[in-house]
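Engineer: Structure provided below as structure tokens; questions to follow.
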Amino acid sequence: MEDTTLEALIADWRSMVETSLQEHLASPEPILDPYMGMMHYHMGWVNREFRPIARFVGKRSRPLLLLLACRTLGLDAEKALPAAVSVELLHAYSLLHDDIEDGDEFRRHSPTVWKIWGIPQAINVGDGLFGCTFRAMAGLHGTGFGSDTVAVAMSMLIDTSIALTEGQFLDIDFEQRTRLSLDDYTRMVQGKTAALFGTCLACGAHLSTNDGPMRERFRRLGEQTGIAYQMLDDINGIWAHANDTGKAPHQDIRRRKKSFPIALAFGDRNIGERILALYNRDMKPENVEATLALLAAADIRERCLHLYGLQQVAIRRTLEEIGRVLHLEGRSVDLLAEFIGRLLSVPDLR
């Protein structure tokens, strides 16, 4: 098993996670088929007529991180499958509600649930997914974990769900502010993205070891990875190609979203006031172009990539710290490090 490649593990685990997700979201009776069908559509399994399709369902990065944490610490990852499914359902719920709150009409090149079936049904479907996250986590009882262990995992899930709403509050609130600092941005990301990444690795560690310091190292690694992931997502939100993001080009600027590059630009003495002035106007095409030109003049993209690189250095240091401890036990952090590296690879932004 030790010579298993990351590709083989990912393929097996994705299949395992997908099958379990579909079991958790199976329709209990025909009258509820359309309700569950909306969930299935959001998960990427069916089209708007609820017919099965071959469609990109997402990377399932969060459950894979949890399972990799378990494997790294010596636990049979299959025992942690209910927790892996739970964190993916929590992520799916948050995306569905985010689409409503942000007014996003497309996700992964397809219309969002609210755009097809309306906001009331979309809210209800999101609430249903939220409830399913806890039912899934309770499934740990059936894979050999004791009540105390499951209770702690459930508590992690509760705290994370609260942190997600805190981060989303700040994200929405920032859209109404005239400006924000990088510290403000980081605090938002700690809730919106880093909390769930941290919980994925911390929960995997919790299920695998009683070593408290090791659990905290895994949490720190997850939070660092989540911050980097959001930084990269924000960089892509301005400069990546639409084919890579599944969203319209420069959408973050058109929505006047105060993302990582914009927070950095606000603090620039040469362009800060001009960016602020543009963000106080309607984002007509000429204002989008003017914003992009100012960002280019101040090398904001390159400065963002530099700060992103520093975040990756912090991640490598934590991985090395974990690796030194695991080496004494004859274990390796290599596969986890490889997966995180792939997750945080920078696309061609030219």
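All residue names refer to the structure tokens as shown: chains lettered A, B, ... in order, residues numbered from 1 in each chain, ligands numbered from 1 in order.
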Please return as a PyMOL selection string: the residues of stretch 49-152 of chain A that backbone DSSP assigns to helix (DSSP H, G or I).

Structural biologist: chain A and resi 61-72+77-102+113-117+119-143+147-152

Engineer: A:Ala122: which residues within 10 Å, counting only C-alpha atoms, same-chain residues fewer than 3 positions away excluded, as a list in words?

Structural biologist: Tyr35, Met38, Met39, His42, Leu96, His97, Asp99, Ile100, Thr112, Val113, Trp114, Lys115, Ile116, Trp117, Gly118, Ile119, Val125, Gly126, Asp127 and Gly128 of chain A

Engineer: Based on the selection just made, write N, CA, C and O atoms of those residues as a PDB file, in the first residue's frame.

Structural biologist:
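What landed in result.pdb:
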ATOM      1  N   TYR A  35     -37.287  17.711  -5.466  1.00  0.00           N
ATOM      2  CA  TYR A  35     -36.490  18.356  -4.408  1.00  0.00           C
ATOM      3  C   TYR A  35     -35.074  17.784  -4.371  1.00  0.00           C
ATOM      4  O   TYR A  35     -34.089  18.525  -4.416  1.00  0.00           O
ATOM      5  N   MET A  38     -32.979  18.747  -7.430  1.00  0.00           N
ATOM      6  CA  MET A  38     -32.270  20.024  -7.374  1.00  0.00           C
ATOM      7  C   MET A  38     -30.925  19.858  -6.675  1.00  0.00           C
ATOM      8  O   MET A  38     -29.927  20.463  -7.082  1.00  0.00           O
ATOM      9  N   MET A  39     -30.888  19.058  -5.628  1.00  0.00           N
ATOM     10  CA  MET A  39     -29.604  18.764  -4.979  1.00  0.00           C
ATOM     11  C   MET A  39     -28.670  18.053  -5.942  1.00  0.00           C
ATOM     12  O   MET A  39     -27.484  18.382  -6.043  1.00  0.00           O
ATOM     13  N   HIS A  42     -27.235  20.456  -8.389  1.00  0.00           N
ATOM     14  CA  HIS A  42     -26.174  21.271  -7.783  1.00  0.00           C
ATOM     15  C   HIS A  42     -24.889  20.460  -7.613  1.00  0.00           C
ATOM     16  O   HIS A  42     -23.784  21.001  -7.766  1.00  0.00           O
ATOM     17  N   LEU A  96     -24.138  26.807  -2.631  1.00  0.00           N
ATOM     18  CA  LEU A  96     -25.493  27.080  -3.109  1.00  0.00           C
ATOM     19  C   LEU A  96     -26.026  28.380  -2.524  1.00  0.00           C
ATOM     20  O   LEU A  96     -26.602  29.214  -3.235  1.00  0.00           O
ATOM     21  N   HIS A  97     -25.814  28.584  -1.235  1.00  0.00           N
ATOM     22  CA  HIS A  97     -26.258  29.833  -0.620  1.00  0.00           C
ATOM     23  C   HIS A  97     -25.413  31.027  -1.083  1.00  0.00           C
ATOM     24  O   HIS A  97     -25.936  32.130  -1.256  1.00  0.00           O
ATOM     25  N   ASP A  99     -24.167  31.416  -4.012  1.00  0.00           N
ATOM     26  CA  ASP A  99     -24.663  31.791  -5.342  1.00  0.00           C
ATOM     27  C   ASP A  99     -25.862  32.733  -5.235  1.00  0.00           C
ATOM     28  O   ASP A  99     -25.991  33.683  -6.011  1.00  0.00           O
ATOM     29  N   ILE A 100     -26.731  32.453  -4.277  1.00  0.00           N
ATOM     30  CA  ILE A 100     -27.900  33.314  -4.080  1.00  0.00           C
ATOM     31  C   ILE A 100     -27.454  34.684  -3.577  1.00  0.00           C
ATOM     32  O   ILE A 100     -27.858  35.732  -4.110  1.00  0.00           O
ATOM     33  N   THR A 112     -27.082  28.402 -12.107  1.00  0.00           N
ATOM     34  CA  THR A 112     -27.154  28.017 -10.706  1.00  0.00           C
ATOM     35  C   THR A 112     -28.584  27.609 -10.339  1.00  0.00           C
ATOM     36  O   THR A 112     -29.534  27.891 -11.072  1.00  0.00           O
ATOM     37  N   VAL A 113     -28.721  26.944  -9.197  1.00  0.00           N
ATOM     38  CA  VAL A 113     -30.020  26.421  -8.772  1.00  0.00           C
ATOM     39  C   VAL A 113     -31.050  27.540  -8.656  1.00  0.00           C
ATOM     40  O   VAL A 113     -32.186  27.415  -9.133  1.00  0.00           O
ATOM     41  N   TRP A 114     -30.656  28.659  -8.042  1.00  0.00           N
ATOM     42  CA  TRP A 114     -31.622  29.745  -7.862  1.00  0.00           C
ATOM     43  C   TRP A 114     -32.054  30.337  -9.191  1.00  0.00           C
ATOM     44  O   TRP A 114     -33.208  30.796  -9.332  1.00  0.00           O
ATOM     45  N   LYS A 115     -31.157  30.351 -10.163  1.00  0.00           N
ATOM     46  CA  LYS A 115     -31.477  30.930 -11.466  1.00  0.00           C
ATOM     47  C   LYS A 115     -32.538  30.102 -12.187  1.00  0.00           C
ATOM     48  O   LYS A 115     -33.370  30.641 -12.928  1.00  0.00           O
ATOM     49  N   ILE A 116     -32.530  28.778 -11.970  1.00  0.00           N
ATOM     50  CA  ILE A 116     -33.503  27.900 -12.636  1.00  0.00           C
ATOM     51  C   ILE A 116     -34.803  27.800 -11.849  1.00  0.00           C
ATOM     52  O   ILE A 116     -35.895  27.964 -12.406  1.00  0.00           O
ATOM     53  N   TRP A 117     -34.703  27.528 -10.544  1.00  0.00           N
ATOM     54  CA  TRP A 117     -35.896  27.204  -9.759  1.00  0.00           C
ATOM     55  C   TRP A 117     -36.330  28.308  -8.799  1.00  0.00           C
ATOM     56  O   TRP A 117     -37.312  28.154  -8.083  1.00  0.00           O
ATOM     57  N   GLY A 118     -35.610  29.418  -8.771  1.00  0.00           N
ATOM     58  CA  GLY A 118     -36.000  30.533  -7.923  1.00  0.00           C
ATOM     59  C   GLY A 118     -35.318  30.506  -6.567  1.00  0.00           C
ATOM     60  O   GLY A 118     -34.849  29.466  -6.095  1.00  0.00           O
ATOM     61  N   ILE A 119     -35.278  31.672  -5.949  1.00  0.00           N
ATOM     62  CA  ILE A 119     -34.561  31.826  -4.681  1.00  0.00           C
ATOM     63  C   ILE A 119     -35.204  31.024  -3.542  1.00  0.00           C
ATOM     64  O   ILE A 119     -34.484  30.359  -2.779  1.00  0.00           O
ATOM     65  N   VAL A 125     -33.322  24.080  -0.613  1.00  0.00           N
ATOM     66  CA  VAL A 125     -32.416  23.005  -1.012  1.00  0.00           C
ATOM     67  C   VAL A 125     -31.082  23.135  -0.264  1.00  0.00           C
ATOM     68  O   VAL A 125     -30.512  22.141   0.201  1.00  0.00           O
ATOM     69  N   GLY A 126     -30.598  24.370  -0.132  1.00  0.00           N
ATOM     70  CA  GLY A 126     -29.369  24.580   0.632  1.00  0.00           C
ATOM     71  C   GLY A 126     -29.528  24.168   2.077  1.00  0.00           C
ATOM     72  O   GLY A 126     -28.639  23.526   2.661  1.00  0.00           O
ATOM     73  N   ASP A 127     -30.677  24.501   2.662  1.00  0.00           N
ATOM     74  CA  ASP A 127     -30.933  24.091   4.042  1.00  0.00           C
ATOM     75  C   ASP A 127     -30.966  22.568   4.161  1.00  0.00           C
ATOM     76  O   ASP A 127     -30.495  21.995   5.157  1.00  0.00           O
ATOM     77  N   GLY A 128     -31.519  21.914   3.148  1.00  0.00           N
ATOM     78  CA  GLY A 128     -31.542  20.457   3.151  1.00  0.00           C
ATOM     79  C   GLY A 128     -30.145  19.862   3.118  1.00  0.00           C
ATOM     80  O   GLY A 128     -29.833  18.915   3.847  1.00  0.00           O
TER      81      GLY A 128
END

Engineer: Can you measure atom CA of A:Ala92 to atom CA of A:Arg60 for me? One decimal in Å is fine.

Structural biologist: 10.0 Å

Engineer: For stretch 203-212 of chain A, work out the shell of residues within 7 Å, counting only C-alpha atoms and skipping chain neighbours fewer than 3 positions away, then give it as a list in words.

Structural biologist: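 Non-adjacent residues within range: Leu66, Leu67, Ala69, Cys70, Leu73, Gly74, Leu75, Ala153, Thr199, Cys200, Arg215, Glu216 and Phe218 of chain A.
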
Engineer: Taking 5 positions as the minimum chain separation for residues in the same chain, which residues sit within 12 Å of A:Met154 when counting only C-alpha atoms? Answer as number ranges by chain.

Structural biologist: A: 82-83, 86-87, 133-141, 147-149, 159-161, 199, 203, 206-207

Engineer: Find, counting only C-alpha atoms, the residue in A:Ser259, A:Asn287, A:Ser332, A:Ser61 that gets nearest to A:Gly222.

Structural biologist: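 Closest to A:Gly222, using only C-alpha atoms: A:Ser61.
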
Engineer: Pick the closest to A:Arg254 from A:Val189, A:Leu170, A:Asp104, A:Phe56: which is it, counting only C-alpha atoms?

Structural biologist: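 Closest to A:Arg254, using only C-alpha atoms: A:Asp104.
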
Engineer: Within 10 Å of stretch 191-193 of chain A, counting only C-alpha atoms, which residues qualify if same-chain residues fewer than 4 places away don't, as a PyMOL selection string?

Structural biologist: chain A and resi 91+94+160-171+186-187+197-198+222-223+225-231

Engineer: Stretch 267-272 of chain A: which residues within 9 Å, counting only C-alpha atoms, same-chain residues fewer than 4 positions away excluded, as a PDB file with N, CA and C atoms, in the first residue's frame?

Structural biologist:
ATOM      1  N   LEU A 180     -10.917  48.364   2.275  1.00  0.00           N
ATOM      2  CA  LEU A 180     -10.541  47.456   3.340  1.00  0.00           C
ATOM      3  C   LEU A 180      -9.048  47.190   3.251  1.00  0.00           C
ATOM      4  N   SER A 181      -8.498  46.661   4.357  1.00  0.00           N
ATOM      5  CA  SER A 181      -7.064  46.374   4.420  1.00  0.00           C
ATOM      6  C   SER A 181      -6.819  44.889   4.170  1.00  0.00           C
ATOM      7  N   LEU A 182      -5.551  44.539   3.995  1.00  0.00           N
ATOM      8  CA  LEU A 182      -5.202  43.128   3.852  1.00  0.00           C
ATOM      9  C   LEU A 182      -5.538  42.348   5.118  1.00  0.00           C
ATOM     10  N   ILE A 262      -7.606  43.583  -4.974  1.00  0.00           N
ATOM     11  CA  ILE A 262      -8.171  44.912  -4.770  1.00  0.00           C
ATOM     12  C   ILE A 262      -7.798  45.444  -3.387  1.00  0.00           C
ATOM     13  N   ALA A 263      -7.803  44.571  -2.375  1.00  0.00           N
ATOM     14  CA  ALA A 263      -7.369  44.999  -1.039  1.00  0.00           C
ATOM     15  C   ALA A 263      -5.933  45.486  -1.083  1.00  0.00           C
ATOM     16  N   LEU A 276     -10.297  53.212  -5.704  1.00  0.00           N
ATOM     17  CA  LEU A 276     -11.446  53.483  -4.845  1.00  0.00           C
ATOM     18  C   LEU A 276     -12.516  54.274  -5.601  1.00  0.00           C
ATOM     19  N   ALA A 277     -12.092  55.269  -6.365  1.00  0.00           N
ATOM     20  CA  ALA A 277     -13.048  56.071  -7.130  1.00  0.00           C
ATOM     21  C   ALA A 277     -13.783  55.216  -8.158  1.00  0.00           C
ATOM     22  N   LEU A 294      -5.059  50.107 -14.186  1.00  0.00           N
ATOM     23  CA  LEU A 294      -4.413  50.583 -12.962  1.00  0.00           C
ATOM     24  C   LEU A 294      -3.720  49.439 -12.223  1.00  0.00           C
ATOM     25  N   LEU A 295      -4.367  48.293 -12.170  1.00  0.00           N
ATOM     26  CA  LEU A 295      -3.748  47.133 -11.518  1.00  0.00           C
ATOM     27  C   LEU A 295      -2.457  46.745 -12.232  1.00  0.00           C
ATOM     28  N   ALA A 297      -0.545  48.787 -13.999  1.00  0.00           N
ATOM     29  CA  ALA A 297       0.455  49.851 -13.805  1.00  0.00           C
ATOM     30  C   ALA A 297       1.176  49.707 -12.471  1.00  0.00           C
ATOM     31  N   ALA A 298       0.482  49.191 -11.466  1.00  0.00           N
ATOM     32  CA  ALA A 298       1.075  49.050 -10.130  1.00  0.00           C
ATOM     33  C   ALA A 298       1.616  47.643  -9.884  1.00  0.00           C
TER      34      ALA A 298
END

Engineer: What is the distance, in Å and to one decimal place, between atom CA of A:Glu320 and atom CA of A:Leu335?

Structural biologist: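 So the answer is 12.8 Å.
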
Engineer: Using only C-alpha atoms, which of the listed residues (A:Asp102, A:Glu23, A:Asp234, A:Glu273) sits closest to A:Ile172?

Structural biologist: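 Closest to A:Ile172 of all the choices is A:Asp102.
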
Engineer: Calculated over only C-alpha atoms, which of the candidates A:Gly309, A:Leu64, A:Leu336, A:Tyr279 has the smallest distance to A:Asp12?

Structural biologist: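 Counting only C-alpha atoms, the residue closest to A:Asp12 is A:Leu64.
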
Engineer: Between A:Thr291, A:Gln224, A:Ser15, A:Ser155, which has the minimum distance to A:Leu319 (counting only C-alpha atoms)?

Structural biologist: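 Under the stated criterion, the closest residue is A:Gln224.
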
Engineer: Could you write out, as a PDB file with N, CA, C and O atoms, in the first residue's frame, all the residues of stretch 72-122 of chain A that DSSP marks as strand (DSSP E)?

Structural biologist:
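part_5.pdb, freshly written:
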ATOM      1  N   PHE A 106     -24.142  31.550 -12.805  1.00  0.00           N
ATOM      2  CA  PHE A 106     -23.519  30.341 -13.348  1.00  0.00           C
ATOM      3  C   PHE A 106     -22.512  29.785 -12.354  1.00  0.00           C
ATOM      4  O   PHE A 106     -21.835  30.530 -11.644  1.00  0.00           O
ATOM      5  N   ARG A 107     -22.430  28.480 -12.314  1.00  0.00           N
ATOM      6  CA  ARG A 107     -21.385  27.769 -11.584  1.00  0.00           C
ATOM      7  C   ARG A 107     -20.948  26.605 -12.455  1.00  0.00           C
ATOM      8  O   ARG A 107     -21.771  25.816 -12.913  1.00  0.00           O
ATOM      9  N   SER A 110     -22.689  26.211 -15.811  1.00  0.00           N
ATOM     10  CA  SER A 110     -24.117  25.874 -15.850  1.00  0.00           C
ATOM     11  C   SER A 110     -24.903  26.855 -14.981  1.00  0.00           C
ATOM     12  O   SER A 110     -24.374  27.360 -13.986  1.00  0.00           O
ATOM     13  N   PRO A 111     -26.167  27.118 -15.325  1.00  0.00           N
ATOM     14  CA  PRO A 111     -26.976  28.010 -14.491  1.00  0.00           C
ATOM     15  C   PRO A 111     -27.071  27.492 -13.056  1.00  0.00           C
ATOM     16  O   PRO A 111     -27.131  26.279 -12.822  1.00  0.00           O
TER      17      PRO A 111
END

Engineer: Considering only C-alpha atoms, can you say which of A:Met188, A:Cys304, A:Leu292, A:Pro34 comes closest to A:Pro261?

Structural biologist: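 Among the listed residues, A:Cys304 lies closest to A:Pro261.
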